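**Q** Supplied in structure tokens, the structure appears directly below.
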Amino acid sequence: MLFWLLALLVTAIACAALYYAGAGRRGNAPAEPDESPELAHLKQQLREIESDAALGRLEPAEAIAARGEVAREVMRVKAETPATTGTRAQRQLLVGVAVAATALLSVGVYAAIGRPEVPAAPLEARVDMPPTEMTLDAAVAQIEKRLQQTPDELQGWTVIAPAYMQLGRFDDAAAALRRVIALDGPTADRETDLGEALMLAAGGSATGEPLTLFESAAARDPAHVRSRYYIAGEAMQRGDFEAAKGQWEALIALGKGDEPWLPNVQAGLEAAVAALDGDAALPDATAVAAMVDGLAARLAQNGGTIEEWTRLVRSRLVQGQDELAQEAYDAARKAFPDASARTELDVLAADNGLVASN
Amino acid sequence: MSIELGHFALILAFAIATVSAVMGLVFWKRDAFAGYLQQAALLQFLLVAAAFGALIQAFVVSDFSLKLAADHSFSLQPLIYKITAVWGNHEGSMVLWVLILVIMGAAVAASGRSLPKDLLTLVLAMQSLLASAFLGFTLFTSNPFARLVPAPFEGQDLNPVLQDIGLAIHPPLLYAGYVGFSICFSFAIAALISGKIDAAWARWVRPWTLFSWAFLTLGIAMGSYWAYYELGWGGWWFWDPVENASFMPWLAGTALLHSALVMEKRNALKIWTIFLSIITFSLSLLGTFMVRSGILTSVHTFASDPTRGMVILALLALFIGGAFALFAFRAGSLKHGGLFAPISREGALILNNLFLASATAAVLVGTLYPLLLDALTGETISVGAPFFDFTFGIIMVPLLIVLPFGPFLGWKRGDLIAVTQRLAGAAGLALFVTILCFALTGASISLAPLGLLLGFWVSFGALAELVDRAKFFRTDVVTSFRRLFGLPRTAWATALAHLGMGLSVIGIVAASAWQVEVVTTMTEGQVSTIAGHEVSFQGIRHEEGPNFTSDTGTFSIASPGGEVRTAAAERRTYVASGMPTTEAAILTYGFSQLYLQLGEPQADGQSVVRLWYKPYVTLIWLGCVLMAGAGFLSLSYRRLRVGAPKPSQARVAAE
């Protein structure tokens, strides 16, 4: 509303100025022929010739020739007839129409292509956006900007690394974590985080640097569960079930009995033992299938923890129900959009060829 | 809200321009509407300036709800580049172009009292028509005020090559030059419509010609120097189509400058002057818009889409075609001017015009031929520097040879033999200095000495005119000095402009013929020698800029004189775009320059370093600055100029 007031005010001022200049009384009387700019110009030329001749810049003969040329021009200009101007009423009508057309054209064009409702959004305003309205992208961009100016700020790198993980920018996360370790030294958690980021960046494989990092973390803190878990998982991948069995057992020994990860570890131990025994003394297949279907139904209806989703996906895979596994994986991704929370699930999915589609 | 008010202001300016163009062109015979058009010109200026201010404001506060700012700015850019980013893109530069156009219109309106009313009405109507057409083009095909909802958090940064002080200077200068010629164009069209053209007309046009020409000269020189130091290959002119596009109006404008001179002083060459006014501005339009139509690609190309290209071509066809049609239709009805003998100042200026026009045609052919061939037959050829160097050289050499004769010849009829005698001193001096240069440097036999001779000839010939007019060696020294400083500023301007031309020629010849180039790999502590300068590499360090990171190589250079300086050449990577640029290190020794460029680091830790020694290269641009300065000097002198004719010998004897 204020915008339109101002816009119309500007239009009104401009139109008034135009109308006054075009149809007002001021300065529109036809000029006397003697005062025409052409004649004034020629008269000035004559004066210049006189002064040049007086100063000796022109030879007398040259001055005479020059004066003669100018005099011929003066006669030509005086012979021209002065232009006509219409009556004042005619002018008022014409200028009035012109001014009205101007106002209509400007307002019409603006109404067609203008966006008066869009507010300004300068940097200041965008930085001060309340956090709920700020998207993760905006927050990350803001921290990135700060880190460019103060690249040694530990706090910033510590905050941005999980944000990168959540956005699926694993390479950036790894770089940020390396920066954290360089600035403040390694801890078991930091090494494990970096290992996770590298592993996900490599499509789920822990071979190479990630495994080294996990081992270093486990050595640094023997009671560190996450690193040991990945070490056990990697041993299973390699087919080194003996080592895996040892790791799983050590993990179980670390637990008090009610940790959310214990069931998964126990399942891992069972799988390792079964692989070592060659033939699996598995529970009755139909009972297992019923159990899994029950879990799926419960998760679909009431939701559950990420560990439960992971268990469901793993069970579907074990039973060879790849399509159902994919379905469960999709649902889990929907339920847990934060990539950092489902690291294990993503690794499992990647290892078994499930697609992160949505 | 300031963005939308700016948008409205631009639209209002468009509406005012459109309506006043119609009013002026329909009712130009009624003197009464001159006041309306003057007011309209003033309002257009205020409104477009307000719109431009709104754009600058949005860029400065990084308001990325303005699409233009989001696309071409970045919140970390230094303030100066936030401002220059406004015109570092197609839409914003259109607004700058129109802003300069309406500034010129307002200036004509403000000085309108001394103009006949019908001429004033027609000129302002033409300016309004141009403003209306290009504002319409801007608003409807490339609106700088387009918005983005929601505003992105960060912008996409200005092209790193453009993040340079050059962008603050080059486009405004160049546009002032291009657009200034629009006034000459409008005056020419006004003369054709009204059928009235006389010496007074030339007096009103000439300052605009001088003004535009001086700005165009500076703009081109600045662009050339910018390309020289920023693009990092040490060249200063590439015959790139866009450079040619700015060079053609300069050549035509130089011709116009000289023919307007004849017209103001002698009331001759009227039709030709009109023709040149049209040509010059047409070439300016071509220069501004060829790069935006999508038919060319170069550093200057803006992202373009087909609609835009078609509209631009249609507008160009309308203005250029319309002007020439009007010219063909009306030129016959104009009154012819004064007569003169072939050997006279007028004759010399015509010769100048012929050479400049041929040079313009040669450049035009070289620039457009490949495009036409590609469009018609699909065959791609490239017309490169050899073609231009050859044809342009062939045309320019005789022009430069006869250049010193012009100012010595009398108006209406001249005496070539007497002039030759008076120039003998300058010729002898030029020859002597050239031989001296070669004796001292022991340079080999090539075309270069002839080029140098030409440069000295033009320079000394220009000075000889001052010496001659002050009557040095013909009267006592005190009188001569008094005469020298009593000479009208226009005489000084002529001599300085021609001297500037000569200096540029010397610079071009010296820098092309005796440039030394060394490409090598260096490790820290290594020394390499170029033209007597010992360049030692001090190593590379990593640095953080405001919105880029750079690898900076430091060099210390010992000149033959024993002086030691340090220089830093950079390889930058810009954060937002990830684009790399090189920043050359340039050291100036007298008029010569040492140019260092840091290349890619090699696997073995060595760095590629390119070194150039360019003798007297700065003379190229100093000459241009001198020429432009001469233009302003002449502009500051507003006494009327009457070219007094030399009376024929018979009549003098009779009197």
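Each chain in the structure tokens gets a letter, A, B, ..., in the order shown, and its residues are numbered from 1; ligands are numbered from 1 in order too.
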Write out as JSON, numbers by chain the residues lying within 6 Å of segment 280-282 of chain B, counting only C-alpha atoms and excluding same-chain residues fewer than 5 positions away.
**A** {"B": [181, 182, 249, 252, 253, 320]}
**Q** Would you export the selected residues with N, CA, C and O atoms as a JSON list (two decimals), in the first residue's frame, please?
**A**
```
[["chain", "number", "residue", "atom", "x", "y", "z"],
["B", 181, "PHE", "N", 28.15, 9.64, -28.71],
["B", 181, "PHE", "CA", 27.94, 9.77, -30.15],
["B", 181, "PHE", "C", 26.45, 9.74, -30.51],
["B", 181, "PHE", "O", 26.08, 10.12, -31.61],
["B", 182, "SER", "N", 25.61, 9.30, -29.57],
["B", 182, "SER", "CA", 24.17, 9.31, -29.85],
["B", 182, "SER", "C", 23.69, 10.75, -30.05],
["B", 182, "SER", "O", 22.76, 11.00, -30.81],
["B", 249, "PRO", "N", 33.96, 2.40, -34.01],
["B", 249, "PRO", "CA", 33.43, 3.74, -33.74],
["B", 249, "PRO", "C", 34.53, 4.75, -33.44],
["B", 249, "PRO", "O", 34.38, 5.93, -33.74],
["B", 252, "ALA", "N", 35.80, 5.83, -36.90],
["B", 252, "ALA", "CA", 34.79, 6.68, -37.53],
["B", 252, "ALA", "C", 34.65, 7.98, -36.75],
["B", 252, "ALA", "O", 34.50, 9.06, -37.34],
["B", 253, "GLY", "N", 34.73, 7.90, -35.41],
["B", 253, "GLY", "CA", 34.62, 9.09, -34.59],
["B", 253, "GLY", "C", 35.78, 10.04, -34.81],
["B", 253, "GLY", "O", 35.61, 11.26, -34.81],
["B", 320, "ILE", "N", 19.67, 1.85, -37.41],
["B", 320, "ILE", "CA", 20.69, 2.05, -38.44],
["B", 320, "ILE", "C", 20.04, 2.16, -39.81],
["B", 320, "ILE", "O", 20.29, 3.09, -40.58]]
```
**Q** Pull out every residue of chain B sitting within 6 Å of chain A, counting only C-alpha atoms, and send them as a ChimeraX atom specification.
**A** /B:11-12,15-16,30-33,35-36,39,61-63,65,114-116,153,644
**Q** Generate the output file for the selected residues, N, CA, C and O atoms, as a PDB file, in the first residue's frame.
**A**
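part.pdb, written as the output of this step:
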```
ATOM      1  N   ILE B  11      10.377   2.179 -15.148  1.00  0.00           N
ATOM      2  CA  ILE B  11       9.196   2.062 -16.019  1.00  0.00           C
ATOM      3  C   ILE B  11       8.627   3.447 -16.334  1.00  0.00           C
ATOM      4  O   ILE B  11       8.253   3.740 -17.475  1.00  0.00           O
ATOM      5  N   LEU B  12       8.610   4.317 -15.317  1.00  0.00           N
ATOM      6  CA  LEU B  12       8.106   5.674 -15.543  1.00  0.00           C
ATOM      7  C   LEU B  12       9.001   6.403 -16.553  1.00  0.00           C
ATOM      8  O   LEU B  12       8.511   7.103 -17.447  1.00  0.00           O
ATOM      9  N   ALA B  15       8.030   5.258 -19.890  1.00  0.00           N
ATOM     10  CA  ALA B  15       6.766   5.850 -20.348  1.00  0.00           C
ATOM     11  C   ALA B  15       6.990   7.289 -20.809  1.00  0.00           C
ATOM     12  O   ALA B  15       6.511   7.701 -21.878  1.00  0.00           O
ATOM     13  N   ILE B  16       7.741   8.059 -20.016  1.00  0.00           N
ATOM     14  CA  ILE B  16       7.995   9.455 -20.375  1.00  0.00           C
ATOM     15  C   ILE B  16       8.751   9.528 -21.702  1.00  0.00           C
ATOM     16  O   ILE B  16       8.418  10.320 -22.594  1.00  0.00           O
ATOM     17  N   ARG B  30       6.204  22.858 -34.029  1.00  0.00           N
ATOM     18  CA  ARG B  30       5.667  23.807 -33.052  1.00  0.00           C
ATOM     19  C   ARG B  30       6.715  24.021 -31.966  1.00  0.00           C
ATOM     20  O   ARG B  30       6.953  23.147 -31.144  1.00  0.00           O
ATOM     21  N   ASP B  31       7.302  25.179 -31.952  1.00  0.00           N
ATOM     22  CA  ASP B  31       8.362  25.451 -30.994  1.00  0.00           C
ATOM     23  C   ASP B  31       7.915  25.217 -29.558  1.00  0.00           C
ATOM     24  O   ASP B  31       8.719  24.963 -28.679  1.00  0.00           O
ATOM     25  N   ALA B  32       6.586  25.271 -29.331  1.00  0.00           N
ATOM     26  CA  ALA B  32       6.082  25.241 -27.963  1.00  0.00           C
ATOM     27  C   ALA B  32       6.471  23.976 -27.205  1.00  0.00           C
ATOM     28  O   ALA B  32       6.547  23.979 -25.986  1.00  0.00           O
ATOM     29  N   PHE B  33       6.713  22.887 -27.917  1.00  0.00           N
ATOM     30  CA  PHE B  33       6.945  21.638 -27.192  1.00  0.00           C
ATOM     31  C   PHE B  33       8.395  21.431 -26.772  1.00  0.00           C
ATOM     32  O   PHE B  33       8.725  20.439 -26.149  1.00  0.00           O
ATOM     33  N   GLY B  35       9.916  22.984 -24.494  1.00  0.00           N
ATOM     34  CA  GLY B  35       9.935  22.981 -23.018  1.00  0.00           C
ATOM     35  C   GLY B  35       9.519  21.632 -22.466  1.00  0.00           C
ATOM     36  O   GLY B  35      10.129  21.101 -21.537  1.00  0.00           O
ATOM     37  N   TYR B  36       8.477  21.042 -23.079  1.00  0.00           N
ATOM     38  CA  TYR B  36       8.015  19.721 -22.641  1.00  0.00           C
ATOM     39  C   TYR B  36       9.139  18.693 -22.771  1.00  0.00           C
ATOM     40  O   TYR B  36       9.406  17.913 -21.862  1.00  0.00           O
ATOM     41  N   GLN B  39      11.915  19.188 -20.183  1.00  0.00           N
ATOM     42  CA  GLN B  39      11.509  18.659 -18.881  1.00  0.00           C
ATOM     43  C   GLN B  39      11.547  17.130 -18.887  1.00  0.00           C
ATOM     44  O   GLN B  39      12.016  16.504 -17.940  1.00  0.00           O
ATOM     45  N   VAL B  61      23.884  -4.087   0.011  1.00  0.00           N
ATOM     46  CA  VAL B  61      23.416  -4.810   1.197  1.00  0.00           C
ATOM     47  C   VAL B  61      23.205  -6.294   0.908  1.00  0.00           C
ATOM     48  O   VAL B  61      22.654  -7.021   1.725  1.00  0.00           O
ATOM     49  N   SER B  62      23.667  -6.761  -0.271  1.00  0.00           N
ATOM     50  CA  SER B  62      23.521  -8.165  -0.658  1.00  0.00           C
ATOM     51  C   SER B  62      22.080  -8.634  -0.533  1.00  0.00           C
ATOM     52  O   SER B  62      21.797  -9.649   0.081  1.00  0.00           O
ATOM     53  N   ASP B  63      21.167  -7.861  -1.106  1.00  0.00           N
ATOM     54  CA  ASP B  63      19.760  -8.260  -1.101  1.00  0.00           C
ATOM     55  C   ASP B  63      19.528  -9.244  -2.245  1.00  0.00           C
ATOM     56  O   ASP B  63      19.311  -8.851  -3.386  1.00  0.00           O
ATOM     57  N   SER B  65      17.114 -11.079  -2.846  1.00  0.00           N
ATOM     58  CA  SER B  65      15.769 -11.233  -3.399  1.00  0.00           C
ATOM     59  C   SER B  65      15.734 -10.551  -4.769  1.00  0.00           C
ATOM     60  O   SER B  65      14.798 -10.718  -5.528  1.00  0.00           O
ATOM     61  N   SER B 114      20.615  27.928 -26.005  1.00  0.00           N
ATOM     62  CA  SER B 114      21.384  28.430 -27.144  1.00  0.00           C
ATOM     63  C   SER B 114      21.058  27.687 -28.438  1.00  0.00           C
ATOM     64  O   SER B 114      21.679  27.924 -29.456  1.00  0.00           O
ATOM     65  N   LEU B 115      20.093  26.777 -28.389  1.00  0.00           N
ATOM     66  CA  LEU B 115      19.756  26.010 -29.591  1.00  0.00           C
ATOM     67  C   LEU B 115      18.433  26.504 -30.172  1.00  0.00           C
ATOM     68  O   LEU B 115      17.523  26.852 -29.424  1.00  0.00           O
ATOM     69  N   PRO B 116      18.308  26.510 -31.498  1.00  0.00           N
ATOM     70  CA  PRO B 116      17.003  26.811 -32.095  1.00  0.00           C
ATOM     71  C   PRO B 116      15.986  25.784 -31.604  1.00  0.00           C
ATOM     72  O   PRO B 116      16.316  24.609 -31.436  1.00  0.00           O
ATOM     73  N   PHE B 153      20.414 -17.900   0.256  1.00  0.00           N
ATOM     74  CA  PHE B 153      21.244 -17.365   1.330  1.00  0.00           C
ATOM     75  C   PHE B 153      22.504 -16.718   0.777  1.00  0.00           C
ATOM     76  O   PHE B 153      22.952 -15.703   1.255  1.00  0.00           O
ATOM     77  N   ALA B 644      39.685  31.374 -41.060  1.00  0.00           N
ATOM     78  CA  ALA B 644      39.774  32.436 -42.072  1.00  0.00           C
ATOM     79  C   ALA B 644      40.380  31.867 -43.333  1.00  0.00           C
ATOM     80  O   ALA B 644      41.419  31.217 -43.297  1.00  0.00           O
TER      81      ALA B 644
END
```
**Q** Name the residues in contact with segment 303-315 of chain A at a cut-off of 6 Å, using only C-alpha atoms, excluding same-chain residues fewer than 4 positions from it; report them as a ChimeraX atom specification.
**A** /A:299,325,328,345
**Q** Neighbours of segment 94-111 of chain B within 8 Å (only C-alpha atoms; same-chain residues fewer than 3 positions away dropped), as number ranges by chain?
**A** B: 37-39, 41-42, 44-45, 48-49, 52, 87, 90-91, 114-115, 120, 124, 127-128, 131, 134-135, 138, 144, 172, 175-176, 179-180, 182-183
**Q** Counting only C-alpha atoms, which residue out of B:Gly366, B:Gly545, B:Gly539, B:Pro207 sits closest to Ala567 of chain B?
**A**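 Counting only C-alpha atoms, the residue closest to Ala567 of chain B is B:Gly539.
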**Q** Per residue of segment 321-351 of chain A within 7 Å of segment 156-167 of chain A, which atom pair is closest and at what distance in Å (one decimal), using only C-alpha atoms, listed by chain and increasing number, as CSV?
**A**
```
residue,atom,partner,partner_atom,distance
A:Asp338,CA,A:Gln166,CA,5.0
A:Ala339,CA,A:Gln166,CA,4.6
A:Ser340,CA,A:Gln166,CA,5.3
```
**Q** If DSSP is run on the backbone, what residues of segment 494-650 of chain B are strand (DSSP E or B)? A reply as a PyMOL selection string would be ideal.
**A** chain B and resi 516-522+527-530+533-544+548-558+564-574+580-583+585-589+592-601+607-614
**Q** Run DSSP on the backbone of this structure and report the residues of segment 275-487 of chain B it assigns to helix (DSSP H, G or I), as a PyMOL selection string.
**A** chain B and resi 275-290+306-333+345-377+385-408+416-441+448-469+477-486
**Q** Could you list, as an NGL selection string, every residue within 10 Å of Leu587 of chain B, counting only C-alpha atoms and ignoring same-chain residues fewer than 3 positions away?
**A** :B and (557 or 565-567 or 584 or 590 or 592-596 or 613)
**Q** Print the selection's residues with all heavy atoms to a file, as a CSV table (one decimal), in the first residue's frame.
**A**
```csv
chain,number,residue,atom,x,y,z
B,557,ILE,N,63.7,-8.9,-8.2
B,557,ILE,CA,64.3,-8.5,-9.5
B,557,ILE,C,65.4,-7.5,-9.4
B,557,ILE,O,65.1,-6.4,-8.8
B,557,ILE,CB,63.2,-8.0,-10.4
B,557,ILE,CG1,62.1,-9.1,-10.6
B,557,ILE,CG2,63.7,-7.6,-11.8
B,557,ILE,CD1,60.8,-8.8,-9.9
B,565,ARG,N,64.0,-4.9,-6.7
B,565,ARG,CA,62.6,-4.7,-6.3
B,565,ARG,C,62.0,-6.1,-6.1
B,565,ARG,O,62.4,-7.1,-6.7
B,565,ARG,CB,61.7,-4.0,-7.4
B,565,ARG,CG,62.2,-2.6,-7.7
B,565,ARG,CD,61.1,-1.9,-8.4
B,565,ARG,NE,61.6,-1.1,-9.5
B,565,ARG,CZ,60.8,-0.5,-10.4
B,565,ARG,NH1,59.5,-0.7,-10.4
B,565,ARG,NH2,61.3,0.3,-11.3
B,566,THR,N,60.9,-6.2,-5.3
B,566,THR,CA,60.2,-7.5,-5.2
B,566,THR,C,58.8,-7.3,-5.9
B,566,THR,O,58.3,-6.3,-6.0
B,566,THR,CB,60.0,-7.9,-3.8
B,566,THR,OG1,59.4,-6.8,-3.1
B,566,THR,CG2,61.3,-8.2,-3.1
B,567,ALA,N,58.3,-8.5,-6.4
B,567,ALA,CA,57.0,-8.5,-7.0
B,567,ALA,C,56.3,-9.8,-6.7
B,567,ALA,O,57.0,-10.8,-6.4
B,567,ALA,CB,57.2,-8.4,-8.5
B,584,ALA,N,49.1,-11.2,-12.9
B,584,ALA,CA,50.5,-11.0,-13.2
B,584,ALA,C,51.1,-10.0,-12.4
B,584,ALA,O,50.5,-9.1,-11.8
B,584,ALA,CB,50.6,-10.6,-14.7
B,590,GLY,N,60.9,3.1,-16.2
B,590,GLY,CA,60.8,4.1,-17.2
B,590,GLY,C,59.5,3.9,-18.0
B,590,GLY,O,58.5,3.8,-17.4
B,592,SER,N,59.3,1.2,-19.9
B,592,SER,CA,59.3,-0.2,-20.2
B,592,SER,C,58.8,-1.0,-19.1
B,592,SER,O,58.7,-0.5,-17.9
B,592,SER,CB,60.7,-0.7,-20.5
B,592,SER,OG,61.3,0.1,-21.5
B,593,GLN,N,58.3,-2.2,-19.3
B,593,GLN,CA,57.7,-3.0,-18.3
B,593,GLN,C,58.3,-4.5,-18.3
B,593,GLN,O,58.5,-5.0,-19.4
B,593,GLN,CB,56.2,-3.1,-18.4
B,593,GLN,CG,55.6,-1.8,-17.9
B,593,GLN,CD,54.1,-1.8,-17.9
B,593,GLN,OE1,53.5,-2.6,-18.6
B,593,GLN,NE2,53.5,-1.1,-17.0
B,594,LEU,N,58.4,-5.0,-17.1
B,594,LEU,CA,58.7,-6.4,-16.9
B,594,LEU,C,57.5,-7.1,-16.5
B,594,LEU,O,56.8,-6.6,-15.5
B,594,LEU,CB,59.8,-6.6,-15.9
B,594,LEU,CG,60.5,-8.0,-15.8
B,594,LEU,CD1,61.3,-8.2,-17.1
B,594,LEU,CD2,61.5,-8.0,-14.6
B,595,TYR,N,57.1,-8.2,-17.1
B,595,TYR,CA,55.8,-8.8,-16.9
B,595,TYR,C,56.0,-10.2,-16.4
B,595,TYR,O,56.6,-11.0,-17.2
B,595,TYR,CB,55.0,-8.7,-18.2
B,595,TYR,CG,53.6,-9.1,-18.2
B,595,TYR,CD1,52.6,-8.1,-18.3
B,595,TYR,CD2,53.2,-10.4,-18.1
B,595,TYR,CE1,51.2,-8.5,-18.4
B,595,TYR,CE2,51.8,-10.8,-18.1
B,595,TYR,CZ,50.9,-9.8,-18.2
B,595,TYR,OH,49.5,-10.1,-18.3
B,596,LEU,N,55.6,-10.6,-15.2
B,596,LEU,CA,55.8,-11.9,-14.7
B,596,LEU,C,54.5,-12.6,-14.5
B,596,LEU,O,53.6,-12.1,-13.9
B,596,LEU,CB,56.5,-11.9,-13.4
B,596,LEU,CG,57.9,-11.4,-13.2
B,596,LEU,CD1,58.0,-10.0,-12.9
B,596,LEU,CD2,58.6,-12.3,-12.2
B,613,TYR,N,59.8,-9.1,-21.3
B,613,TYR,CA,60.3,-7.7,-21.1
B,613,TYR,C,59.8,-6.9,-22.3
B,613,TYR,O,60.0,-7.3,-23.5
B,613,TYR,CB,61.8,-7.7,-21.1
B,613,TYR,CG,62.4,-6.3,-21.0
B,613,TYR,CD1,62.3,-5.6,-19.8
B,613,TYR,CD2,62.9,-5.6,-22.0
B,613,TYR,CE1,62.7,-4.3,-19.6
B,613,TYR,CE2,63.4,-4.3,-21.9
B,613,TYR,CZ,63.3,-3.7,-20.7
B,613,TYR,OH,63.7,-2.4,-20.5
```
**Q** Of the candidates B:Thr581, B:Gln515, B:Ser194, B:Gln602, which one gets nearest to Leu231 of chain B if we count only C-alpha atoms?
**A** B:Thr581
**Q** Name all residues at most 8 Å from segment 197-202 of chain B (count only C-alpha atoms; drop same-chain ones fewer than 5 positions away) and give them as a ChimeraX atom specification.
**A** /A:38,41-42 /B:191,260-261,263-267,270,334-335
**Q** Restricted to N, CA and C atoms, what would the selected residues look like written as a PDB file, in the first residue's frame?
**A**
```pdb
ATOM      1  N   GLU A  38      20.599  30.958 -34.083  1.00  0.00           N
ATOM      2  CA  GLU A  38      21.453  30.957 -35.274  1.00  0.00           C
ATOM      3  C   GLU A  38      22.093  32.329 -35.485  1.00  0.00           C
ATOM      4  N   HIS A  41      24.653  33.135 -32.930  1.00  0.00           N
ATOM      5  CA  HIS A  41      25.905  32.443 -33.244  1.00  0.00           C
ATOM      6  C   HIS A  41      26.718  33.221 -34.282  1.00  0.00           C
ATOM      7  N   LEU A  42      26.019  33.679 -35.336  1.00  0.00           N
ATOM      8  CA  LEU A  42      26.739  34.377 -36.403  1.00  0.00           C
ATOM      9  C   LEU A  42      27.286  35.710 -35.913  1.00  0.00           C
TER      10      LEU A  42
ATOM     11  N   ALA B 191      18.892  17.310 -38.336  1.00  0.00           N
ATOM     12  CA  ALA B 191      19.222  18.107 -39.515  1.00  0.00           C
ATOM     13  C   ALA B 191      18.559  17.534 -40.761  1.00  0.00           C
ATOM     14  N   ALA B 260      33.890  17.458 -38.618  1.00  0.00           N
ATOM     15  CA  ALA B 260      33.094  18.469 -37.913  1.00  0.00           C
ATOM     16  C   ALA B 260      33.896  19.752 -37.759  1.00  0.00           C
ATOM     17  N   LEU B 261      35.217  19.561 -37.640  1.00  0.00           N
ATOM     18  CA  LEU B 261      36.102  20.721 -37.552  1.00  0.00           C
ATOM     19  C   LEU B 261      35.998  21.561 -38.832  1.00  0.00           C
ATOM     20  N   MET B 263      33.589  21.571 -40.837  1.00  0.00           N
ATOM     21  CA  MET B 263      32.260  22.149 -40.959  1.00  0.00           C
ATOM     22  C   MET B 263      32.090  23.358 -40.053  1.00  0.00           C
ATOM     23  N   GLU B 264      32.602  23.268 -38.828  1.00  0.00           N
ATOM     24  CA  GLU B 264      32.439  24.398 -37.919  1.00  0.00           C
ATOM     25  C   GLU B 264      33.193  25.616 -38.422  1.00  0.00           C
ATOM     26  N   LYS B 265      34.412  25.372 -38.894  1.00  0.00           N
ATOM     27  CA  LYS B 265      35.236  26.513 -39.272  1.00  0.00           C
ATOM     28  C   LYS B 265      34.933  27.003 -40.671  1.00  0.00           C
ATOM     29  N   ARG B 266      34.583  26.064 -41.551  1.00  0.00           N
ATOM     30  CA  ARG B 266      34.496  26.450 -42.955  1.00  0.00           C
ATOM     31  C   ARG B 266      33.131  26.183 -43.581  1.00  0.00           C
ATOM     32  N   ASN B 267      32.191  25.634 -42.796  1.00  0.00           N
ATOM     33  CA  ASN B 267      30.861  25.401 -43.332  1.00  0.00           C
ATOM     34  C   ASN B 267      30.882  24.479 -44.564  1.00  0.00           C
ATOM     35  N   LYS B 270      29.315  19.257 -45.226  1.00  0.00           N
ATOM     36  CA  LYS B 270      28.138  19.061 -44.375  1.00  0.00           C
ATOM     37  C   LYS B 270      27.563  17.660 -44.481  1.00  0.00           C
ATOM     38  N   LEU B 334      19.813  18.962 -48.686  1.00  0.00           N
ATOM     39  CA  LEU B 334      20.627  19.823 -47.823  1.00  0.00           C
ATOM     40  C   LEU B 334      21.453  20.763 -48.680  1.00  0.00           C
ATOM     41  N   LYS B 335      21.714  21.945 -48.102  1.00  0.00           N
ATOM     42  CA  LYS B 335      22.483  22.943 -48.822  1.00  0.00           C
ATOM     43  C   LYS B 335      23.962  22.567 -48.797  1.00  0.00           C
TER      44      LYS B 335
END
```
**Q** Tell me which protein, DNA and RNA residues are within 8 Å of segment 448-456 of chain B, counting only C-alpha atoms, leaving out same-chain ones fewer than 4 positions away, and put them as a list in words.
**A**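 Result of the neighbour search: Val397, Leu400, Ile401, Ala430, Leu431, Val433, Thr434, Phe438, Phe460, Met501, Gly502, Leu503, Ser504, Val505, Ile506, Val509, Ala510 and Ala513 of chain B.
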**Q** Between A:Gly203, A:Pro260, A:Gly268, A:Gly239, which residue has the minimum interatomic distance to Val355 of chain A, considering only C-alpha atoms?
**A**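 Comparing A:Gly203, A:Pro260, A:Gly268, A:Gly239 against Val355 of chain A, the winner is A:Gly203.
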**Q** Enter the distance from atom CA of Leu276 of chain A to atom CA of Gly246 of chain A, in Å, rounded to one decimal.
**A**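 Going from atom CA of Leu276 of chain A over to atom CA of Gly246 of chain A covers 12.1 Å.
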**Q** From the set B:Ser20, B:Ser246, B:Thr141, B:Asn89, which residue has the shortest atom-to-atom contact distance to Ile312 of chain B, counting only C-alpha atoms?
**A**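 Checking each candidate against Ile312 of chain B, we get B:Thr141 as the closest.
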**Q** Return the single residue from A:Phe214, A:Trp248, A:Phe336, A:Tyr329 that is closest to Leu348 of chain A, with distances computed using only C-alpha atoms.
**A** A:Tyr329
